[in-house]
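What follows is a short report on a single structure.
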Amino acid sequence: MIEQYVLDLEEVDETQVAVVGGKAAHLGGLSRIDGIRVPAGFCVTTAAFRRIMAEAAPINDRLDQLSRLKPDDRDAIRALSAEIRRTIEGIAIPGDLVAAITRALAQFGEQAAYAVRSSATAEDMPTASFAGQQDTYLNILGSAAILQHVSRCWASLFTERAVTYRLRNGIDHRTVDMALVVQQMVFPAAAGILFTADPVTGNRKLATVDASFGLGEALVSGLVNPDVFTVRDGGIVARTVAAKQRAIHALPTGGTQEVTIDPQRQEQPALTDAQVVRLVQLGRRIEAHFGRPQDIEWCLVDDDFQIVQSRPITTLFPIPATGDGGNHVYLSVGHQQMMTDPMKPLGLSMWQLTAIASTHEAGGRLFVDATRLLASPTSRAGFLEMMGRSDPLIRDALEIVLDRPDFVPTLPDGGPVGPTVGGAPAPIETDPAIVSELVERSQTSIAALRRDIATLTGVALFDFLLEAFQEHKRNLSDPLSMQAIMAGMGATWWLNDQLREWLGEKNAADTLTLSAPGNVTSEMGLALLDVADVIRPHPEVVAFLRGVEDDDFLDELPKFAGGTEARDAFESYLDRYGMRCVGEIDITRPRWRERPTTLVPLILDNIKLFEPGAAARRFEEGRQAAQKKEQEVLERLRALPDGEQKADETKRMIDQVRTFIGYREYPKYGIVSRYFVYKQALLDEAERLVQANVLPEKEDIFYLTFQELHDVVRSNQVDGELVQQRRDAFRSYQALTPPRVLTSDGEVITGAYRRDDVPTGALVGLPVSAGTIEGRARVILDMAQADLEPGDILVTTHTDPSWTPLFVAITGLVTEVGGLMTHGAVIAREYGLPAVVSVVDATRLIADGQRIRVHGSDGYVEILP
């Protein structure tokens with residue numbers, strides 16, 4: 001096979017990234033769009049780069065060293081990458097390659113000026129733009145200079161910034177090849193960048209144009225503040241004209257220089273309004289061709305636009321696909337479930353198949369369409385009230401949307417809006433036997449699932465699972481279960497509202513719910529204290545656990561004095577709680593039973609921080625505090641006008657809270673228990689597929705939806721390319737921050753706290769568990785990395801039930817995500833931990849080790865000197 005070292009830009013398109021790299025592939029695609037002008041030029045292909053790299057054998061060892069570095073090891077990256085660049089630049093370009101490049105130059109004109117630009121195979125991709133990571137050289141004259149800059153461009157694959165970018169994105173240096181674009185220079189009157197979607201809000205209906213005089217390098221390098229135009233529906237809706245004092249112009253002898261702009265021109269717009277609108281029209285044509293919003297570099301030459309680059313805007317959060325063209329308002333499921341990380345395709349599809357509410361996927365996350373609830377005046381008020389109690393930031397964002405004319409059209413009352421939200425629950429008797437009955441129903445159903453699924457394989461397994469999902473949903477939608485949950489929540493809200501009105505008490509229910517009975521999640525945290533009690537007396541076991549790395553360590557425990565008792569305690573805990581894990585709504589996440597090492601640091605912390613019997617003492621102290629608070633509240637109420645009636649009503653609500661609030665956590669426990677049964681059966685099926693050489697590894701099934709996996713089992717064939725695409729997409733989703741509220745325009749609506757009752761500089765959030773505590777902030781993003789000391793306050797992004805074992809060792813809680821009735825808030829109240837949740841950017845604004853004060857009753861956090 002004869003390698004092609006040079007291709008004309010017009011010969012390539014976006015299907016040839018492996019040959020010409022991302023930038024050149026996009027330029028080739030651009031040149032094929034009707035009405036889009038691209039400066040003429042050619043590509044030096046990846047085959048030429050590989051030819052050069054084959055001459056650079058010493059680089060192999062350096063690449064191995066580079067791949068082992070951490071992204072923040074800047075000194076080592078700088079030294080190694082510089083050495084690699086020097087080696088590449090020192091390699092003589094082979095004669096036949098020189099001849100191919102000079103022939104192409106002769107075709108376009110050897111005396112012309114050219115830009116020599118990088119075009120890596122991992123550049124300008126939908127999941128990673130690599131913007132500015134490799135080098136571009138402008139206004140290069142003569143074949144000798146162009147060949148020299150070709151070598152420099154190849155070497156720029158290993159700039160410090162490019163190496164760091166690949167390390168951060170998990171991209172192997174050896175898998176990226178470098179092609180080059182050599183293009184005729186254009187000498188524009190103005191240049192800049194067009195975003196076909198608002199890069200800040202994500203709104204796909206807005207386009208923004210940044211423009212400055214001369215070459216676009218002045219804008220890209222930050223030399224000038226550009227003019228900024230915002231365009232919607234073919235009209236300019238906002239403009240800012242900057243004072244542009246400097247520009248970059250090409251020199252006749254090659255290279256560029258900064259020049260001073262005539263003072264009379266500095267505040268003139270770089271483009272006319274008509275030119276701006278025309279440019280955006282071209283951008284929409286380019287966007288339609290590539291199928292996604294674009295970041296476009298343009299030049300204005302003789303009142304004609306030339307496009308010199310177009311890449312996807314990779315920072316935009318994707319929009320759920322509906323295809324109906326209507327306006328929609330989406331709410332994040334992850335913010336309600338306390339898991340905002342992306343989910344793998346199997347996890348997404350399993351949630352969609354088993355959840356009661358219909359959900360939409362975007363960016364590896366799930367969203368609920370709230371449009372119809374907001375459209376009906378009947379449901380809107382109750383829904384906003386519920387959102388306000390749960391997460392004020394979501395309510396504020398929704399009100400921003402509702403204030404916009406016609407985005408959410410109002411439906412006539414009585415129209416089909418789906419289930420009502422926020423209304424009063426049906427009355428329910430305050431009887432603990434109801435909770436016992438519900439728990440027994442759930443346990444019986446799960447036991448039947450385990451029994452019936454045990455012998456099923458192949459297509460029969462999938463047929464059974466589809467029926468099991470219906471049983472799963474029947475359990476979730478059990479009317480009695482819903483009544484019990486709403487009774488506990490409603491009574492909590494009633495107590496907080498009425499006791500504030502009658503007694504001036506904030507969040508009185510927080511104390512009244514301490515150590516509420518029957519909460520499977522709070523019991524889980526206390527039970528790990530009991531495991532620590534079993535292990536604590538055995539120093540050999542403790543010493544062994546400090547060095548544990550492998551998940552088969554439980555088999556090793558009986559070798560040590562006290563090890564059998566330790567193993568039995570650990571196994572008993574895993575039997576009850578081993579189906580849990582961080583991010584447990586994603587079935588693909590490793591469970592504690594699969595990765596028991598996750599629990600070892602927590603047990604060691606419990607051994608270090610607590611005395612024997614701490615679990616029972618803690619529960620009893622909370623129970624007594626709640627009882628004392630109840631007596632105090634009732635006595636104070638009786639002293640008020642109509643006091644006996646107020647006290648009687650309050651007593652009924654306290655009894656209802658303590659009867660039902662613990663059950664609030666049980667349905668999630670049931671969901672996760674069923675998920676683990678499903679997962680074990682699917683992994684067994686995956687193992688059979690591996691044995692049959694259908695799949696390379698079991699975990700490949702995580703990148704298929706349930707239906708796709710069903711098809712693989714039926715056909716014994718898998719699309720390996722699809723699996724790899726899904727892996728790449730999942731990796732890219734990890735870099736995205738999911739919004740609480742997202743519109744069908746792609747706009748991320750960010751709500752705010754409308755409060756003026758907090759100290760200057762304090763971080764505002766939602767008060768969910770009363771009390772004030774001061775201590776050292778421990779910013780922990782991975783539960784397994786926790787290393788706590790007495791008095792520590794946990795600061796993290798979000799906590800689902802799996803974080804509960806950590807709660808026993810802390811004195812306060814601050815999270816970026818959460819609501820009044822999300823799991824972390826419920827458990828914080830039961831453990832008596834002052835807590836403020838939904839604190840925007842808490843893990844960035846609070847440094848690990850800083851002293852902070854958490855105001856759990858008033859909803860703010862102070863950073864102390």
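Just remember, in the structure tokens the first chain shown is A, the second B, etc., residues are 1-based per chain, and ligands are 1-based in the order shown.
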With only C-alpha atoms as the counted atoms, please give the residues lying no more than 8 Å from stretch 41-52 of chain A, apart from itself and same-chain residues fewer than 3 positions off, as a compact mmCIF listing (two decimals) with N, CA, C and O atoms, in the first residue's frame.
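Contents of result-v1.txt, as written:
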# COMPACT_ATOMS: atom_id res chain seq x y z
N GLU A 3 1.53 4.97 0.83
CA GLU A 3 1.01 5.97 1.76
C GLU A 3 0.80 7.30 1.04
O GLU A 3 1.63 7.71 0.23
N GLN A 4 -0.30 7.95 1.35
CA GLN A 4 -0.54 9.30 0.85
C GLN A 4 -0.09 10.29 1.91
O GLN A 4 -0.62 10.30 3.02
N TYR A 5 0.86 11.13 1.56
CA TYR A 5 1.40 12.09 2.51
C TYR A 5 0.73 13.46 2.41
O TYR A 5 0.77 14.23 3.36
N VAL A 6 0.16 13.75 1.24
CA VAL A 6 -0.46 15.07 1.03
C VAL A 6 -1.80 14.88 0.34
O VAL A 6 -1.91 14.11 -0.62
N LEU A 7 -2.84 15.59 0.85
CA LEU A 7 -4.16 15.59 0.22
C LEU A 7 -4.66 17.02 0.14
O LEU A 7 -4.49 17.80 1.09
N ASP A 8 -5.30 17.36 -0.96
CA ASP A 8 -5.93 18.67 -1.09
C ASP A 8 -7.10 18.74 -0.10
O ASP A 8 -7.80 17.75 0.14
N LEU A 9 -7.33 19.93 0.47
CA LEU A 9 -8.43 20.08 1.42
C LEU A 9 -9.76 19.67 0.80
O LEU A 9 -10.63 19.12 1.48
N ALA A 18 -9.01 10.06 10.94
CA ALA A 18 -7.82 9.23 11.18
C ALA A 18 -6.70 9.55 10.19
O ALA A 18 -5.52 9.33 10.48
N VAL A 19 -7.06 10.10 9.02
CA VAL A 19 -6.06 10.38 7.98
C VAL A 19 -5.54 11.81 8.07
O VAL A 19 -4.33 12.04 7.93
N VAL A 20 -6.45 12.76 8.34
CA VAL A 20 -6.04 14.18 8.27
C VAL A 20 -6.27 14.94 9.57
O VAL A 20 -6.01 16.14 9.63
N GLY A 21 -6.76 14.25 10.62
CA GLY A 21 -6.99 14.94 11.88
C GLY A 21 -8.30 15.70 11.90
O GLY A 21 -8.96 15.89 10.87
N ALA A 24 -8.48 19.45 9.91
CA ALA A 24 -8.50 19.33 8.45
C ALA A 24 -9.78 18.65 7.98
O ALA A 24 -10.36 19.04 6.96
N GLU A 55 11.19 7.36 13.04
CA GLU A 55 12.60 7.75 13.07
C GLU A 55 13.04 8.17 14.47
O GLU A 55 14.20 8.43 14.70
N ALA A 56 12.06 8.26 15.38
CA ALA A 56 12.35 8.82 16.71
C ALA A 56 12.22 7.74 17.77
O ALA A 56 11.45 7.85 18.72
N ILE A 88 11.76 15.53 18.02
CA ILE A 88 10.97 15.55 16.78
C ILE A 88 11.46 16.64 15.84
O ILE A 88 11.62 16.42 14.63
N ILE A 91 14.60 15.80 13.71
CA ILE A 91 14.58 14.73 12.71
C ILE A 91 14.47 15.35 11.31
O ILE A 91 13.58 16.17 11.04
N ILE A 93 13.34 15.71 7.64
CA ILE A 93 12.17 15.23 6.90
C ILE A 93 12.66 14.44 5.68
O ILE A 93 13.49 14.95 4.90
N LEU A 97 8.97 12.88 1.27
CA LEU A 97 7.97 13.68 1.96
C LEU A 97 8.15 15.17 1.65
O LEU A 97 7.19 15.90 1.40
N ILE A 101 5.39 17.72 -0.26
CA ILE A 101 4.95 19.01 0.27
C ILE A 101 5.28 20.13 -0.72
O ILE A 101 4.46 21.01 -0.99
N ALA A 104 2.88 20.27 -3.63
CA ALA A 104 1.61 20.88 -3.27
C ALA A 104 1.75 22.40 -3.19
O ALA A 104 0.86 23.15 -3.64
N PHE A 108 -0.22 25.62 -5.42
CA PHE A 108 -0.94 26.78 -4.87
C PHE A 108 -0.15 28.08 -4.99
O PHE A 108 -0.71 29.15 -4.78
N TRP A 154 4.37 19.35 14.13
CA TRP A 154 4.38 17.96 14.61
C TRP A 154 4.79 17.90 16.08
O TRP A 154 4.16 17.22 16.88
N ASP A 177 -2.47 10.88 16.61
CA ASP A 177 -1.54 11.22 15.54
C ASP A 177 -1.74 12.68 15.14
O ASP A 177 -2.79 13.27 15.39
N MET A 178 -0.71 13.24 14.50
CA MET A 178 -0.76 14.64 14.10
C MET A 178 -0.71 14.78 12.58
O MET A 178 0.25 14.34 11.95
N ALA A 179 -1.75 15.36 12.04
CA ALA A 179 -1.71 15.81 10.64
C ALA A 179 -1.54 17.34 10.67
O ALA A 179 -1.57 17.96 11.73
N LEU A 180 -1.37 17.93 9.50
CA LEU A 180 -1.17 19.38 9.42
C LEU A 180 -2.04 19.95 8.31
O LEU A 180 -2.37 19.26 7.32
N VAL A 181 -2.41 21.22 8.47
CA VAL A 181 -3.09 21.96 7.40
C VAL A 181 -2.15 23.08 6.97
O VAL A 181 -1.65 23.83 7.80
N VAL A 182 -1.90 23.17 5.69
CA VAL A 182 -1.15 24.29 5.11
C VAL A 182 -2.13 25.04 4.22
O VAL A 182 -2.58 24.53 3.20
N GLN A 183 -2.49 26.28 4.63
CA GLN A 183 -3.52 27.05 3.95
C GLN A 183 -3.00 28.40 3.52
O GLN A 183 -2.18 29.01 4.22
N GLN A 184 -3.49 28.85 2.40
CA GLN A 184 -3.15 30.20 1.97
C GLN A 184 -3.65 31.21 3.00
O GLN A 184 -4.78 31.09 3.48
Using only C-alpha atoms, I'd like a table of the residues in stretch 712-808 of chain A that come within 9 Å of stretch 168-175 of chain A; for each, show the closest atom pair and its distance in Å rounded to one decimal, ordered by chain and ascending number, as CSV.
residue,atom,partner,partner_atom,distance
A:Arg731,CA,A:Asn169,CA,7.7
A:Ser732,CA,A:Asn169,CA,8.0
A:Ala735,CA,A:Asn169,CA,8.7
**OP:** Show which residues sit within 12 Å of A:Lys244, as an MDAnalysis selection string. Count only C-alpha atoms, and ignore same-chain residues fewer than 6 positions away.
**Re:** chainID A and resid 190 211:214 218:219 222:228 259:270
Original post:
Which distance in Å separates atom CA of A:Thr201 and atom CA of A:Pro293, to one decimal?
Top reply: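 Separating atom CA of A:Thr201 from atom CA of A:Pro293 is a distance of 13.1 Å.
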Subject >> Pick from A:Val690, A:Leu781, A:Leu374, A:Ala566 nearest to A:Val408, counting only C-alpha atoms >> reply: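 Going through A:Val690, A:Leu781, A:Leu374, A:Ala566 one by one, the smallest distance to A:Val408 is for A:Leu374.
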**OP:** Can you work out the spacing between atom CA of A:Gly849 and atom CA of A:Gly771 in Å, to one decimal?
**Re:**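 Computing the Euclidean distance for atom CA of A:Gly849 and atom CA of A:Gly771 yields 21.2 Å.
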Subject >> Surrounding residues of A:Arg395 excluding itself and chain neighbours under 6 positions, 12 Å, only C-alpha atoms, as a ChimeraX atom specification >> reply: /A:331,370,374,380-389,401-402,740-741,749-754,819
Using only C-alpha atoms, which protein or nucleic acid residues come within 12 Å of A:Glu523? Drop anything in the same chain fewer than 4 positions from it, and give the result as a compact mmCIF listing (two decimals) with N, CA, C and O atoms, in the first residue's frame.
# COMPACT_ATOMS: atom_id res chain seq x y z
N SER A 515 -33.48 10.23 66.04
CA SER A 515 -33.59 8.79 66.32
C SER A 515 -35.01 8.27 66.08
O SER A 515 -35.53 7.46 66.86
N ALA A 516 -35.63 8.72 65.01
CA ALA A 516 -36.94 8.18 64.66
C ALA A 516 -36.79 6.69 64.36
O ALA A 516 -35.81 6.26 63.74
N PRO A 517 -37.74 5.87 64.79
CA PRO A 517 -37.59 4.42 64.60
C PRO A 517 -37.79 4.00 63.15
O PRO A 517 -38.47 4.68 62.37
N GLY A 518 -37.16 2.89 62.78
CA GLY A 518 -37.43 2.24 61.51
C GLY A 518 -36.77 2.86 60.31
O GLY A 518 -37.16 2.56 59.18
N ASN A 519 -35.76 3.71 60.51
CA ASN A 519 -35.08 4.30 59.35
C ASN A 519 -33.92 3.41 58.94
O ASN A 519 -32.88 3.37 59.60
N ALA A 527 -25.07 0.63 62.48
CA ALA A 527 -24.66 -0.78 62.45
C ALA A 527 -23.18 -0.92 62.15
O ALA A 527 -22.53 -1.87 62.60
N LEU A 528 -22.60 0.02 61.41
CA LEU A 528 -21.16 -0.06 61.13
C LEU A 528 -20.35 0.26 62.39
O LEU A 528 -19.23 -0.21 62.54
N LEU A 529 -20.91 1.05 63.30
CA LEU A 529 -20.28 1.24 64.61
C LEU A 529 -20.23 -0.08 65.36
O LEU A 529 -19.24 -0.38 66.05
N ASP A 530 -21.30 -0.88 65.24
CA ASP A 530 -21.30 -2.19 65.90
C ASP A 530 -20.25 -3.11 65.30
O ASP A 530 -19.62 -3.91 66.03
N TYR A 573 -23.15 -7.58 58.06
CA TYR A 573 -23.43 -6.21 57.61
C TYR A 573 -23.67 -6.20 56.10
O TYR A 573 -24.62 -5.57 55.61
N ARG A 576 -27.05 -7.40 54.89
CA ARG A 576 -28.16 -6.46 55.03
C ARG A 576 -27.97 -5.23 54.17
O ARG A 576 -28.96 -4.69 53.65
N TYR A 577 -26.72 -4.78 53.99
CA TYR A 577 -26.50 -3.50 53.33
C TYR A 577 -25.54 -3.57 52.14
O TYR A 577 -25.21 -2.55 51.56
N ALA A 615 -23.13 3.06 69.17
CA ALA A 615 -24.35 3.05 68.37
C ALA A 615 -25.58 3.13 69.25
O ALA A 615 -26.47 3.96 69.04
N ALA A 616 -25.65 2.26 70.25
CA ALA A 616 -26.82 2.23 71.13
C ALA A 616 -26.93 3.53 71.92
O ALA A 616 -28.04 4.08 72.09
N ARG A 618 -25.81 6.50 71.08
CA ARG A 618 -26.17 7.61 70.21
C ARG A 618 -27.66 7.58 69.90
O ARG A 618 -28.33 8.63 69.91
N PHE A 619 -28.18 6.41 69.61
CA PHE A 619 -29.60 6.31 69.30
C PHE A 619 -30.45 6.70 70.51
O PHE A 619 -31.43 7.45 70.38
N GLY A 662 -39.33 7.57 59.35
CA GLY A 662 -38.29 6.57 59.12
C GLY A 662 -38.54 5.76 57.87
O GLY A 662 -37.60 5.37 57.16
N TYR A 663 -39.83 5.53 57.56
CA TYR A 663 -40.17 4.75 56.36
C TYR A 663 -39.80 5.48 55.08
O TYR A 663 -39.62 4.85 54.04
N GLU A 665 -37.16 6.33 54.00
CA GLU A 665 -35.94 5.79 53.40
C GLU A 665 -36.12 4.36 52.87
O GLU A 665 -35.26 3.88 52.15
N TYR A 666 -37.21 3.70 53.24
CA TYR A 666 -37.28 2.28 52.91
C TYR A 666 -37.52 1.99 51.42
O TYR A 666 -36.90 1.06 50.87
N TYR A 669 -34.31 1.75 49.66
CA TYR A 669 -33.62 0.51 50.05
C TYR A 669 -34.18 -0.67 49.25
O TYR A 669 -33.43 -1.52 48.77
N PRO A 801 -27.66 7.66 50.25
CA PRO A 801 -27.66 6.87 51.48
C PRO A 801 -26.34 6.17 51.79
O PRO A 801 -26.03 5.92 52.97
N SER A 802 -25.53 5.88 50.77
CA SER A 802 -24.28 5.16 51.03
C SER A 802 -23.29 5.98 51.85
O SER A 802 -22.36 5.42 52.42
N THR A 804 -24.07 7.49 54.57
CA THR A 804 -24.55 7.53 55.95
C THR A 804 -23.53 7.00 56.97
O THR A 804 -23.39 7.59 58.05
N PRO A 805 -22.79 5.91 56.68
CA PRO A 805 -21.81 5.47 57.68
C PRO A 805 -20.78 6.55 58.05
O PRO A 805 -20.21 6.51 59.13
N PHE A 807 -21.60 9.69 58.38
CA PHE A 807 -22.29 10.70 59.17
C PHE A 807 -22.09 10.49 60.68
O PHE A 807 -22.17 11.46 61.45
N VAL A 808 -21.87 9.26 61.10
CA VAL A 808 -21.73 9.02 62.55
C VAL A 808 -20.46 9.66 63.10
O VAL A 808 -20.35 9.89 64.30
N ILE A 827 -31.22 12.06 57.23
CA ILE A 827 -30.29 11.40 58.16
C ILE A 827 -29.58 12.42 59.04
O ILE A 827 -29.35 12.16 60.23
N GLU A 830 -31.89 13.05 61.83
CA GLU A 830 -32.00 11.93 62.77
C GLU A 830 -30.75 11.79 63.63
O GLU A 830 -30.82 11.34 64.77
N TYR A 831 -29.60 12.17 63.09
CA TYR A 831 -28.36 12.11 63.86
C TYR A 831 -28.07 13.40 64.62
O TYR A 831 -27.10 13.48 65.37
Original post:
Looking at only C-alpha atoms, which of A:Pro667, A:Leu514, A:Arg589, A:Arg851 is the one that sits closest to A:Arg441?
Top reply: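 Comparing A:Pro667, A:Leu514, A:Arg589, A:Arg851 against A:Arg441, the winner is A:Pro667.
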Original post:
So which residues of stretch 277-336 of chain A fall under helix (DSSP H, G or I) by DSSP, listed as number ranges by chain?
Top reply: A: 277-290, 333-336
Subject >> Polymer residues at most 10 Å from stretch 694-704 of chain A, only C-alpha atoms, same-chain spacing of 5 or more positions, as a PyMOL selection string >> reply: chain A and resi 343-349+586-589+682-689+709-710+712-713+715-720+722-727+729-730
Subject >> 12 Å contact set for A:Pro58, only C-alpha atoms, chain neighbours under 3 positions out, as a list in words >> reply: Met53, Ala54, Glu55, Asp61, Arg62, Leu63, Asp64, Gln65, Glu83, Ile84, Arg85, Arg86, Thr87, Ile88 and Ile91 of chain A
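Between A:Val854 and the residues A:Asp75, A:Asp792, A:Glu644, A:Asp800, the shortest atom-to-atom distance, using only C-alpha atoms, involves A:Asp792.
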Original post:
Pick the closest to A:Gln337 from A:Thr822, A:Val150, A:Thr410, A:Trp803: which is it, counting only C-alpha atoms?
Top reply: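 Smallest distance to A:Gln337 is found for A:Thr822.
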Subject >> Which residue of A:Thr378, A:Val12, A:Ile585, A:Gly525 approaches A:Lys668 most closely, using only C-alpha atoms >> reply: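 Smallest separation from A:Lys668 among the options: A:Ile585.
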